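Student: Hey, dropping query_19.cif in here, mmCIF, C-alpha atoms:
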```
data_upload
#
loop_
_atom_site.label_atom_id
_atom_site.label_comp_id
_atom_site.auth_asym_id
_atom_site.auth_seq_id
_atom_site.Cartn_x
_atom_site.Cartn_y
_atom_site.Cartn_z
CA MET A 1 -46.40 -169.41 136.69
CA SER A 2 -43.13 -167.66 137.42
CA GLU A 3 -40.49 -168.94 139.79
CA PRO A 4 -41.21 -168.44 143.49
CA PRO A 5 -39.65 -165.29 144.91
CA SER A 6 -36.33 -165.67 146.70
CA ARG A 7 -36.07 -165.13 150.44
CA GLY A 8 -36.51 -161.50 151.25
CA ALA A 9 -37.98 -160.71 147.83
CA GLU A 10 -41.43 -159.17 147.77
CA ARG A 11 -44.14 -161.60 146.71
CA ASP A 12 -45.95 -160.38 143.60
CA LEU A 13 -49.71 -160.84 143.99
CA PHE A 14 -50.23 -161.01 140.21
CA ARG A 15 -47.35 -163.35 139.39
CA ASP A 16 -46.65 -165.50 142.47
CA THR A 17 -50.12 -166.39 143.79
CA TRP A 18 -53.34 -168.03 142.61
CA VAL A 19 -54.39 -164.64 141.18
CA ARG A 20 -52.10 -165.41 138.19
CA TYR A 21 -54.60 -168.03 137.04
CA LEU A 22 -57.22 -165.32 136.40
CA GLY A 23 -55.10 -164.39 133.38
CA TYR A 24 -55.92 -167.80 131.90
CA ALA A 25 -59.70 -167.41 132.21
CA ASN A 26 -60.17 -166.58 128.53
CA GLU A 27 -58.31 -169.72 127.45
CA VAL A 28 -60.67 -171.79 129.59
CA GLY A 29 -63.58 -169.86 128.08
CA GLU A 30 -62.31 -170.60 124.58
CA ALA A 31 -61.94 -174.29 125.41
CA PHE A 32 -65.58 -174.38 126.54
CA ARG A 33 -66.86 -172.24 123.64
CA SER A 34 -68.66 -175.15 121.95
CA LEU A 35 -70.53 -176.01 125.19
CA VAL A 36 -71.47 -172.67 126.74
CA PRO A 37 -73.29 -169.53 125.58
CA ALA A 38 -71.12 -166.87 123.91
CA ALA A 39 -71.74 -164.56 126.89
CA VAL A 40 -69.77 -166.95 129.12
CA VAL A 41 -66.80 -166.80 126.74
CA TRP A 42 -66.98 -163.00 126.68
CA LEU A 43 -67.16 -162.98 130.48
CA SER A 44 -63.95 -165.04 130.58
CA TYR A 45 -62.27 -162.37 128.45
CA GLY A 46 -63.53 -159.75 130.90
CA VAL A 47 -61.90 -161.63 133.78
CA SER A 48 -58.58 -161.97 131.92
CA SER A 49 -58.62 -158.35 130.77
CA SER A 50 -59.33 -157.17 134.31
CA TYR A 51 -56.33 -159.19 135.48
CA VAL A 52 -54.13 -157.55 132.82
CA LEU A 53 -55.30 -154.06 133.77
CA ALA A 54 -54.89 -154.69 137.50
CA ASP A 55 -51.35 -156.06 136.99
CA ALA A 56 -50.37 -153.03 134.88
CA ILE A 57 -51.71 -150.64 137.51
CA ASP A 58 -49.90 -152.57 140.25
CA LYS A 59 -46.59 -152.40 138.36
CA GLY A 60 -47.09 -148.67 137.80
CA LYS A 61 -47.63 -148.12 141.54
CA LYS A 62 -44.53 -150.17 142.35
CA ALA A 63 -42.47 -148.16 139.84
CA ARG A 64 -43.77 -144.94 141.38
CA ASP A 65 -42.66 -146.07 144.84
CA VAL A 66 -39.08 -146.94 143.80
CA PRO A 67 -36.67 -144.47 145.40
CA GLY A 68 -34.97 -142.35 142.81
CA PRO A 69 -34.87 -138.94 141.20
CA GLU A 70 -38.26 -137.26 140.87
CA ALA A 71 -37.43 -136.25 137.30
CA GLY A 72 -37.44 -139.84 136.01
CA ARG A 73 -40.42 -141.05 138.01
CA SER A 74 -43.04 -140.29 135.34
CA SER A 75 -41.06 -142.15 132.68
CA ARG A 76 -40.46 -145.07 135.00
CA VAL A 77 -44.17 -145.38 135.79
CA THR A 78 -45.19 -145.04 132.14
CA VAL A 79 -42.70 -147.69 131.01
CA ALA A 80 -43.82 -150.07 133.77
CA VAL A 81 -47.52 -149.67 132.94
CA VAL A 82 -47.13 -149.83 129.16
CA ASP A 83 -44.69 -152.74 129.20
CA THR A 84 -46.80 -154.78 131.62
CA PHE A 85 -50.06 -154.00 129.84
CA VAL A 86 -48.75 -154.83 126.36
CA TRP A 87 -46.92 -157.95 127.54
CA GLN A 88 -49.89 -159.27 129.49
CA ALA A 89 -52.42 -158.35 126.79
CA LEU A 90 -50.42 -160.32 124.22
CA ALA A 91 -49.13 -163.20 126.38
CA SER A 92 -52.17 -163.72 128.60
CA VAL A 93 -55.16 -162.74 126.44
CA ALA A 94 -54.76 -162.20 122.70
CA ILE A 95 -52.32 -164.88 121.54
CA PRO A 96 -53.40 -167.72 123.87
CA GLY A 97 -57.08 -166.96 123.29
CA PHE A 98 -56.61 -167.10 119.53
CA THR A 99 -54.48 -170.24 119.81
CA ILE A 100 -56.97 -172.18 121.94
CA ASN A 101 -59.83 -170.97 119.71
CA ARG A 102 -58.08 -172.36 116.63
CA VAL A 103 -57.07 -175.62 118.36
CA CYS A 104 -60.68 -176.18 119.37
CA ALA A 105 -62.12 -175.19 115.99
CA ALA A 106 -59.68 -177.46 114.16
CA SER A 107 -60.28 -180.39 116.50
CA LEU A 108 -64.06 -180.05 116.21
CA TYR A 109 -63.78 -179.94 112.42
CA ILE A 110 -61.43 -182.94 112.29
CA LEU A 111 -63.61 -184.93 114.68
CA SER A 112 -66.71 -184.15 112.63
CA THR A 113 -65.09 -185.31 109.39
CA ALA A 114 -63.05 -188.25 110.74
CA THR A 115 -65.47 -189.82 113.23
CA ARG A 116 -69.13 -190.67 113.58
CA TRP A 117 -69.14 -189.71 117.23
CA PRO A 118 -72.26 -187.95 118.53
CA LEU A 119 -72.04 -184.15 118.56
CA ALA A 120 -71.95 -184.00 122.37
CA VAL A 121 -68.93 -186.35 122.48
CA ARG A 122 -67.14 -184.31 119.80
CA LYS A 123 -67.78 -181.07 121.72
CA TRP A 124 -66.56 -182.50 125.04
CA THR A 125 -63.49 -183.98 123.31
CA THR A 126 -62.78 -180.59 121.75
CA THR A 127 -63.09 -178.92 125.15
CA ALA A 128 -60.74 -181.47 126.72
CA LEU A 129 -58.17 -180.93 123.94
CA GLY A 130 -58.41 -177.16 124.41
CA LEU A 131 -57.87 -177.46 128.16
CA LEU A 132 -54.95 -179.85 127.65
CA ALA A 133 -53.33 -177.43 125.20
CA ILE A 134 -53.25 -174.54 127.70
CA PRO A 135 -50.19 -175.66 129.72
CA VAL A 136 -48.40 -176.63 126.51
CA ILE A 137 -48.72 -173.19 124.89
CA ILE A 138 -48.00 -170.93 127.87
CA HIS A 139 -44.19 -170.93 127.99
CA PRO A 140 -43.59 -170.76 124.21
CA ILE A 141 -46.01 -167.83 123.97
CA ASP A 142 -44.40 -166.06 126.95
CA ARG A 143 -40.92 -166.42 125.44
CA SER A 144 -42.16 -165.30 122.01
CA VAL A 145 -43.78 -162.19 123.47
CA ASP A 146 -40.56 -161.44 125.38
CA PHE A 147 -38.63 -161.71 122.11
CA LEU A 148 -41.20 -159.56 120.27
CA LEU A 149 -41.11 -156.79 122.87
CA ASP A 150 -37.32 -156.96 123.25
CA SER A 151 -37.07 -156.54 119.47
CA SER A 152 -39.55 -153.67 119.23
CA LEU A 153 -41.26 -151.74 122.02
CA ARG A 154 -38.53 -152.15 124.62
CA LYS A 155 -36.00 -150.55 122.28
CA LEU A 156 -38.00 -147.32 122.58
CA TYR A 157 -37.75 -147.08 126.36
CA PRO A 158 -35.66 -144.19 127.69
CA SER A 159 -33.46 -146.38 129.91
CA VAL A 160 -31.47 -149.54 129.32
CA GLU A 161 -33.24 -151.26 132.19
CA LYS A 162 -35.76 -153.84 130.99
CA PRO A 163 -38.94 -154.05 133.06
CA SER A 164 -39.63 -157.54 134.40
CA SER A 165 -42.96 -158.44 132.82
CA SER A 166 -42.63 -162.15 132.65
#
```
Could I get this structure in the form of structure tokens?

Tutor:
Amino acid sequence: MSEPPSRGAERDLFRDTWVRYLGYANEVGEAFRSLVPAAVVWLSYGVSSSYVLADAIDKGKKARDVPGPEAGRSSRVTVAVVDTFVWQALASVAIPGFTINRVCAASLYILSTATRWPLAVRKWTTTALGLLAIPVIIHPIDRSVDFLLDSSLRKLYPSVEKPSSS
């Protein structure tokens, strides 16, 4: 989660409150993949994707409401929505979901070849490892997505001002 807002700064519902954790729903779904029906995992992706979309819309509305010349408003809103959507889609859904999926698949495979534990124990151990990996992967993924966007998409923006996505 991001740093708490400073005094007088507006509190961001999608970054500074419990709502932020909805963005991690798909990682939890991936951790539980071996124990729950596939529909539950897909539902977790629906929750995370809804979070991403809602945050992008919120940032677009905030960009629209910033005082400034009317001529640049459309660009400002577009940049805010696109930057937030792409950043959140990569940093909150795609990359962490793939990472936890692979951690869990690898751990289940290793446990099945290296132990004689019952299947239920291997599945619960895999789920626990997936859940434990979530806090470990968050910050490196966030920084990597920042670097990726700074090196690519953000160079295309019409202004030198970088939107604050992370």

Student: From the list A:Lys62, A:Arg11, A:Arg73, A:Arg33, which residue is nearest Ile100 (chain A) when using all atoms listed in the file?

Tutor: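 Closest candidate: A:Arg33.
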
Student: Extract, using all atoms listed in the file, all DNA, RNA and protein residues at most 12 Å from Gly29 (chain A), discarding same-chain residues fewer than 4 positions from it, and format them as a ChimeraX atom specification.

Tutor: /A:22-25,33-48,93,96-98,100-101,104,127,130-131,134

Student: Given only C-alpha atoms as the basis, pick out the residue of A:Tyr157, A:Phe147, A:Tyr109, A:Trp124 nearest to Ala91 (chain A).

Tutor: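 Comparing A:Tyr157, A:Phe147, A:Tyr109, A:Trp124 against Ala91 (chain A), the winner is A:Phe147.
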
Student: From the list A:Asp150, A:Asp65, A:Glu30, A:Glu10, which residue is nearest Thr99 (chain A) when using all atoms listed in the file?

Tutor: A:Glu30

Student: Which value, in Å to one decimal, gives the distance between CA of Phe14 (chain A) and CA of Tyr51 (chain A)?

Tutor: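 Distance reported for this atom pair: 7.9 Å.
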
Student: Nearest to Val86 (chain A): which of A:Ala71, A:Ile110, A:Leu156, A:Leu149 is it, counting only C-alpha atoms?

Tutor: A:Leu149

Student: If I take CA of Ala80 (chain A) and CA of Lys59 (chain A), how far is one from the other in Å, to one decimal?

Tutor: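 Here the two named atoms are 5.8 Å from each other.
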
Student: What's around Lys123 (chain A) at 10 Å? Count all atoms listed in the file, leave out sequence neighbours fewer than 4 positions away in its own chain, and write the answer as number ranges by chain.

Tutor: A: 31-35, 104-105, 107-108, 111-112, 117-119, 127-129

Student: Just give me the gap between CA of Ile57 (chain A) and CA of Arg20 (chain A) in Å, one decimal is fine.

Tutor: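 So the two atoms, CA of Ile57 (chain A) and CA of Arg20 (chain A), lie 14.8 Å apart.
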
Student: Using only C-alpha atoms, find the one residue out of A:Val121, A:Ala63, A:Ile138, A:Val19 that sits nearest to Arg76 (chain A).

Tutor: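 Answer, going by the shortest atom-to-atom distance: A:Ala63.
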
Student: Could you list, as a PyMOL selection string, every residue matched by the PyMOL selection byres ((chain A and resi 145) around 10) in this structure?

Tutor: chain A and resi 86-88+90-92+95+139-144+146-151+166

Student: Put the listed atoms of region 14-30 of chain A in a box along x, y and z with 6 Å added on every side and give me the centre and edge lengths in Å to one decimal, as AutoDock Vina command-line options.

Tutor:
```
--center_x -55.1 --center_y -166.4 --center_z 134.2 --size_x 28.9 --size_y 22.8 --size_z 31.2
```

Student: Identify which of the residues A:Val82, A:Tyr21, A:Gly72, A:Arg116 lies closest to Gly60 (chain A), counting all atoms listed in the file when measuring atom-to-atom distances.

Tutor: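 Checking each candidate against Gly60 (chain A), we get A:Val82 as the closest.
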
Student: Mind checking which residues fall within 8 Å of Thr84 (chain A), counting only C-alpha atoms, ignoring those fewer than 6 positions away in the same chain, and posting them as a VMD selection string?

Tutor: chain A and resid 52 55 to 56 59 165

Student: Complete region 33-69 of chain A at the level of N, CA and C atoms, written as a tab-separated table (two decimals), in the coordinates of the input.

Tutor:
```tsv
chain	number	residue	atom	x	y	z
A	33	ARG	N	-66.03	-173.00	124.56
A	33	ARG	CA	-66.86	-172.24	123.64
A	33	ARG	C	-67.97	-173.09	122.99
A	34	SER	N	-67.67	-174.32	122.64
A	34	SER	CA	-68.66	-175.15	121.95
A	34	SER	C	-69.76	-175.66	122.90
A	35	LEU	N	-69.57	-175.48	124.21
A	35	LEU	CA	-70.53	-176.01	125.19
A	35	LEU	C	-71.31	-174.94	125.94
A	36	VAL	N	-70.84	-173.71	125.93
A	36	VAL	CA	-71.47	-172.67	126.74
A	36	VAL	C	-71.94	-171.52	125.85
A	37	PRO	N	-72.87	-170.71	126.36
A	37	PRO	CA	-73.29	-169.53	125.58
A	37	PRO	C	-72.12	-168.57	125.35
A	38	ALA	N	-72.18	-167.82	124.26
A	38	ALA	CA	-71.12	-166.87	123.91
A	38	ALA	C	-70.87	-165.87	125.04
A	39	ALA	N	-71.90	-165.52	125.79
A	39	ALA	CA	-71.74	-164.56	126.89
A	39	ALA	C	-70.75	-165.07	127.94
A	40	VAL	N	-70.71	-166.38	128.15
A	40	VAL	CA	-69.77	-166.95	129.12
A	40	VAL	C	-68.34	-166.79	128.62
A	41	VAL	N	-68.14	-166.98	127.32
A	41	VAL	CA	-66.80	-166.80	126.74
A	41	VAL	C	-66.39	-165.34	126.87
A	42	TRP	N	-67.29	-164.42	126.56
A	42	TRP	CA	-66.98	-163.00	126.68
A	42	TRP	C	-66.69	-162.62	128.13
A	43	LEU	N	-67.42	-163.22	129.06
A	43	LEU	CA	-67.16	-162.98	130.48
A	43	LEU	C	-65.74	-163.43	130.85
A	44	SER	N	-65.31	-164.57	130.30
A	44	SER	CA	-63.95	-165.04	130.58
A	44	SER	C	-62.90	-164.06	130.07
A	45	TYR	N	-63.18	-163.41	128.95
A	45	TYR	CA	-62.27	-162.37	128.45
A	45	TYR	C	-62.29	-161.15	129.36
A	46	GLY	N	-63.44	-160.86	129.93
A	46	GLY	CA	-63.53	-159.75	130.90
A	46	GLY	C	-62.68	-160.01	132.13
A	47	VAL	N	-62.71	-161.27	132.62
A	47	VAL	CA	-61.90	-161.63	133.78
A	47	VAL	C	-60.41	-161.50	133.44
A	48	SER	N	-60.00	-162.04	132.31
A	48	SER	CA	-58.58	-161.97	131.92
A	48	SER	C	-58.14	-160.53	131.69
A	49	SER	N	-58.97	-159.75	131.03
A	49	SER	CA	-58.62	-158.35	130.77
A	49	SER	C	-58.53	-157.55	132.05
A	50	SER	N	-59.39	-157.84	133.01
A	50	SER	CA	-59.33	-157.17	134.31
A	50	SER	C	-58.02	-157.51	135.01
A	51	TYR	N	-57.61	-158.77	134.92
A	51	TYR	CA	-56.33	-159.19	135.48
A	51	TYR	C	-55.18	-158.39	134.85
A	52	VAL	N	-55.19	-158.27	133.53
A	52	VAL	CA	-54.13	-157.55	132.82
A	52	VAL	C	-54.09	-156.09	133.29
A	53	LEU	N	-55.23	-155.45	133.35
A	53	LEU	CA	-55.30	-154.06	133.77
A	53	LEU	C	-54.83	-153.89	135.22
A	54	ALA	N	-55.28	-154.78	136.09
A	54	ALA	CA	-54.89	-154.69	137.50
A	54	ALA	C	-53.38	-154.89	137.67
A	55	ASP	N	-52.80	-155.83	136.91
A	55	ASP	CA	-51.35	-156.06	136.99
A	55	ASP	C	-50.59	-154.83	136.50
A	56	ALA	N	-51.04	-154.23	135.41
A	56	ALA	CA	-50.37	-153.03	134.88
A	56	ALA	C	-50.43	-151.88	135.88
A	57	ILE	N	-51.58	-151.70	136.50
A	57	ILE	CA	-51.71	-150.64	137.51
A	57	ILE	C	-50.80	-150.92	138.70
A	58	ASP	N	-50.76	-152.18	139.13
A	58	ASP	CA	-49.90	-152.57	140.25
A	58	ASP	C	-48.43	-152.28	139.94
A	59	LYS	N	-47.99	-152.63	138.73
A	59	LYS	CA	-46.59	-152.40	138.36
A	59	LYS	C	-46.29	-150.91	138.27
A	60	GLY	N	-47.27	-150.12	137.84
A	60	GLY	CA	-47.09	-148.67	137.80
A	60	GLY	C	-46.93	-148.10	139.20
A	61	LYS	N	-47.74	-148.58	140.15
A	61	LYS	CA	-47.63	-148.12	141.54
A	61	LYS	C	-46.28	-148.51	142.13
A	62	LYS	N	-45.83	-149.73	141.83
A	62	LYS	CA	-44.53	-150.17	142.35
A	62	LYS	C	-43.40	-149.34	141.75
A	63	ALA	N	-43.49	-149.00	140.47
A	63	ALA	CA	-42.47	-148.16	139.84
A	63	ALA	C	-42.47	-146.76	140.44
A	64	ARG	N	-43.65	-146.26	140.77
A	64	ARG	CA	-43.77	-144.94	141.38
A	64	ARG	C	-43.09	-144.91	142.74
A	65	ASP	N	-43.18	-146.02	143.47
A	65	ASP	CA	-42.66	-146.07	144.84
A	65	ASP	C	-41.17	-146.39	144.94
A	66	VAL	N	-40.53	-146.66	143.79
A	66	VAL	CA	-39.08	-146.94	143.80
A	66	VAL	C	-38.34	-145.65	144.11
A	67	PRO	N	-37.44	-145.68	145.11
A	67	PRO	CA	-36.67	-144.47	145.40
A	67	PRO	C	-35.80	-144.08	144.21
A	68	GLY	N	-35.78	-142.83	143.92
A	68	GLY	CA	-34.97	-142.35	142.81
A	68	GLY	C	-35.29	-140.90	142.53
A	69	PRO	N	-34.64	-140.35	141.52
A	69	PRO	CA	-34.87	-138.94	141.20
A	69	PRO	C	-36.31	-138.71	140.75
```
